[in-house]
Structures are given as C-alpha cells and as structure tokens.
Amino acid sequence: MFPWGTFAVNVAGCLILGVLTGAVTYGAASHSVQLLLGTGLCGALTTSCCAGR
C-alpha cells in the first residue's frame with residue numbers, strides 16, 4: 001500500500017519551502033527566517049513523518 005501520509009507531509013514541506021524562498025526573493029522575509037523555518041520547521045516535519053514508520 002502506498003504511504004499517502006508520508007507523501008502528503010513531504011509535499012506540504014516542499015510547498016512551505018517554496019513559499020519561504022519566494023518571500024525571501026521578493027523581500028518579504030529575511031534570509032535568517034528562511035534558514036530557521038526551512039531547516040527547523042520543514043526539516044523536523046518531513047523527518048519526523050518518515051521516522052514514525
């Protein structure tokens with residue numbers, strides 16, 4: 001059976017990273033915010049999703 005939950009969380013993580021990158025590109029967020037949320041939030045989200053299997 002395909003792991004749809006893991007797939008959905010990884011897609012959500014990619015979407016968040018894309019929004020953060022766009023925000024930094026257009027000056028709406030700082031590079032530090034991108035590093036903090038991109039590495040911390042998205043890294044933890046996608047890793048913990050896969051580690052729970």
# chains A, B, ... in the order shown; residues from 1 in each chain; ligands from 1
$ residues_around --residues "Thr21 in chain A" --least-positions-apart "4" --cutoff "12 Å" --atoms "only C-alpha atoms" --output "list in words"
Cys14, Leu15, Ile16, Leu17, Thr25, Tyr26, Gly27, Ala28, Ala29, Ser30, His31, Ser32, Val33, Gln34, Leu35, Leu37 and Gly38 of chain A
$ write_last_selection --atoms "all heavy atoms" --output "tab-separated table (two decimals), in the first residue's frame"
chain	number	residue	atom	x	y	z
A	14	CYS	N	7.57	20.75	0.93
A	14	CYS	CA	8.06	21.39	-0.31
A	14	CYS	C	7.32	22.69	-0.58
A	14	CYS	O	7.92	23.68	-1.01
A	14	CYS	CB	7.90	20.44	-1.49
A	14	CYS	SG	9.02	19.04	-1.45
A	15	LEU	N	6.03	22.69	-0.34
A	15	LEU	CA	5.23	23.90	-0.54
A	15	LEU	C	5.69	25.01	0.40
A	15	LEU	O	5.85	26.17	-0.01
A	15	LEU	CB	3.75	23.59	-0.33
A	15	LEU	CG	2.80	24.77	-0.49
A	15	LEU	CD1	2.78	25.27	-1.92
A	15	LEU	CD2	1.40	24.38	-0.06
A	16	ILE	N	5.92	24.67	1.66
A	16	ILE	CA	6.39	25.67	2.63
A	16	ILE	C	7.75	26.22	2.21
A	16	ILE	O	7.99	27.43	2.28
A	16	ILE	CB	6.44	25.06	4.05
A	16	ILE	CG1	5.03	24.75	4.54
A	16	ILE	CG2	7.16	26.00	5.02
A	16	ILE	CD1	4.98	23.91	5.80
A	17	LEU	N	8.65	25.34	1.78
A	17	LEU	CA	9.97	25.81	1.32
A	17	LEU	C	9.86	26.72	0.11
A	17	LEU	O	10.58	27.72	0.00
A	17	LEU	CB	10.87	24.62	0.99
A	17	LEU	CG	11.47	23.88	2.17
A	17	LEU	CD1	12.24	22.66	1.69
A	17	LEU	CD2	12.39	24.79	2.96
A	25	THR	N	12.95	36.03	-1.84
A	25	THR	CA	13.27	36.61	-3.15
A	25	THR	C	12.62	37.98	-3.32
A	25	THR	O	13.23	38.91	-3.84
A	25	THR	CB	12.80	35.67	-4.28
A	25	THR	OG1	13.47	34.42	-4.13
A	25	THR	CG2	13.11	36.25	-5.64
A	26	TYR	N	11.40	38.13	-2.86
A	26	TYR	CA	10.67	39.39	-3.02
A	26	TYR	C	10.83	40.33	-1.83
A	26	TYR	O	10.20	41.37	-1.77
A	26	TYR	CB	9.19	39.12	-3.31
A	26	TYR	CG	9.00	38.53	-4.67
A	26	TYR	CD1	8.65	37.20	-4.83
A	26	TYR	CD2	9.19	39.29	-5.82
A	26	TYR	CE1	8.50	36.64	-6.08
A	26	TYR	CE2	9.04	38.75	-7.08
A	26	TYR	CZ	8.69	37.43	-7.21
A	26	TYR	OH	8.55	36.88	-8.45
A	27	GLY	N	11.66	39.97	-0.87
A	27	GLY	CA	11.97	40.85	0.24
A	27	GLY	C	10.96	40.86	1.37
A	27	GLY	O	11.02	41.72	2.24
A	28	ALA	N	10.04	39.92	1.39
A	28	ALA	CA	9.03	39.88	2.45
A	28	ALA	C	9.54	39.18	3.70
A	28	ALA	O	8.92	39.29	4.75
A	28	ALA	CB	7.77	39.18	1.94
A	29	ALA	N	10.63	38.46	3.60
A	29	ALA	CA	11.21	37.76	4.75
A	29	ALA	C	12.73	37.81	4.63
A	29	ALA	O	13.27	37.94	3.54
A	29	ALA	CB	10.73	36.31	4.80
A	30	SER	N	13.38	37.70	5.76
A	30	SER	CA	14.84	37.73	5.76
A	30	SER	C	15.41	36.33	5.49
A	30	SER	O	14.72	35.32	5.62
A	30	SER	CB	15.36	38.25	7.10
A	30	SER	OG	15.13	37.30	8.12
A	31	HIS	N	16.68	36.33	5.14
A	31	HIS	CA	17.36	35.06	4.89
A	31	HIS	C	17.43	34.23	6.18
A	31	HIS	O	17.34	33.00	6.13
A	31	HIS	CB	18.76	35.33	4.35
A	31	HIS	CG	19.51	34.11	3.96
A	31	HIS	ND1	19.13	33.31	2.91
A	31	HIS	CD2	20.60	33.52	4.50
A	31	HIS	CE1	19.96	32.28	2.81
A	31	HIS	NE2	20.86	32.39	3.76
A	32	SER	N	17.54	34.90	7.32
A	32	SER	CA	17.58	34.18	8.61
A	32	SER	C	16.27	33.45	8.88
A	32	SER	O	16.27	32.34	9.41
A	32	SER	CB	17.86	35.16	9.75
A	32	SER	OG	19.11	35.77	9.57
A	33	VAL	N	15.16	34.08	8.53
A	33	VAL	CA	13.85	33.43	8.71
A	33	VAL	C	13.76	32.20	7.82
A	33	VAL	O	13.26	31.16	8.23
A	33	VAL	CB	12.70	34.43	8.41
A	33	VAL	CG1	11.36	33.73	8.35
A	33	VAL	CG2	12.68	35.53	9.44
A	34	GLN	N	14.26	32.32	6.59
A	34	GLN	CA	14.23	31.18	5.68
A	34	GLN	C	15.06	30.03	6.25
A	34	GLN	O	14.63	28.88	6.20
A	34	GLN	CB	14.76	31.57	4.31
A	34	GLN	CG	14.71	30.42	3.32
A	34	GLN	CD	15.40	30.73	2.00
A	34	GLN	OE1	16.28	31.59	1.94
A	34	GLN	NE2	15.00	30.05	0.96
A	35	LEU	N	16.23	30.33	6.77
A	35	LEU	CA	17.07	29.27	7.34
A	35	LEU	C	16.41	28.63	8.55
A	35	LEU	O	16.40	27.41	8.70
A	35	LEU	CB	18.44	29.83	7.73
A	35	LEU	CG	19.37	30.18	6.57
A	35	LEU	CD1	20.64	30.84	7.11
A	35	LEU	CD2	19.71	28.95	5.77
A	37	LEU	N	13.08	28.59	9.53
A	37	LEU	CA	11.86	27.84	9.22
A	37	LEU	C	12.12	26.72	8.22
A	37	LEU	O	11.55	25.64	8.33
A	37	LEU	CB	10.78	28.78	8.71
A	37	LEU	CG	10.25	29.79	9.70
A	37	LEU	CD1	9.20	30.68	9.04
A	37	LEU	CD2	9.68	29.11	10.92
A	38	GLY	N	12.97	26.98	7.24
A	38	GLY	CA	13.25	25.96	6.23
A	38	GLY	C	13.96	24.76	6.81
A	38	GLY	O	13.57	23.61	6.59
$ residues_around --residues "Val9 in chain A" --least-positions-apart "5" --cutoff "8 Å" --atoms "only C-alpha atoms" --output "PDB file with C-alpha atoms, in the first residue's frame"
ATOM      1  CA  LEU A  45       8.241  17.998   9.830  1.00  0.00           C
ATOM      2  CA  THR A  46       9.408  15.792   6.985  1.00  0.00           C
ATOM      3  CA  CYS A  49       6.941  11.929   9.442  1.00  0.00           C
TER       4      CYS A  49
END
$ select_by_dssp --residues "chain A" --states "helix (DSSP H, G or I)" --output "PyMOL selection string"
chain A and resi 4-25+31-51
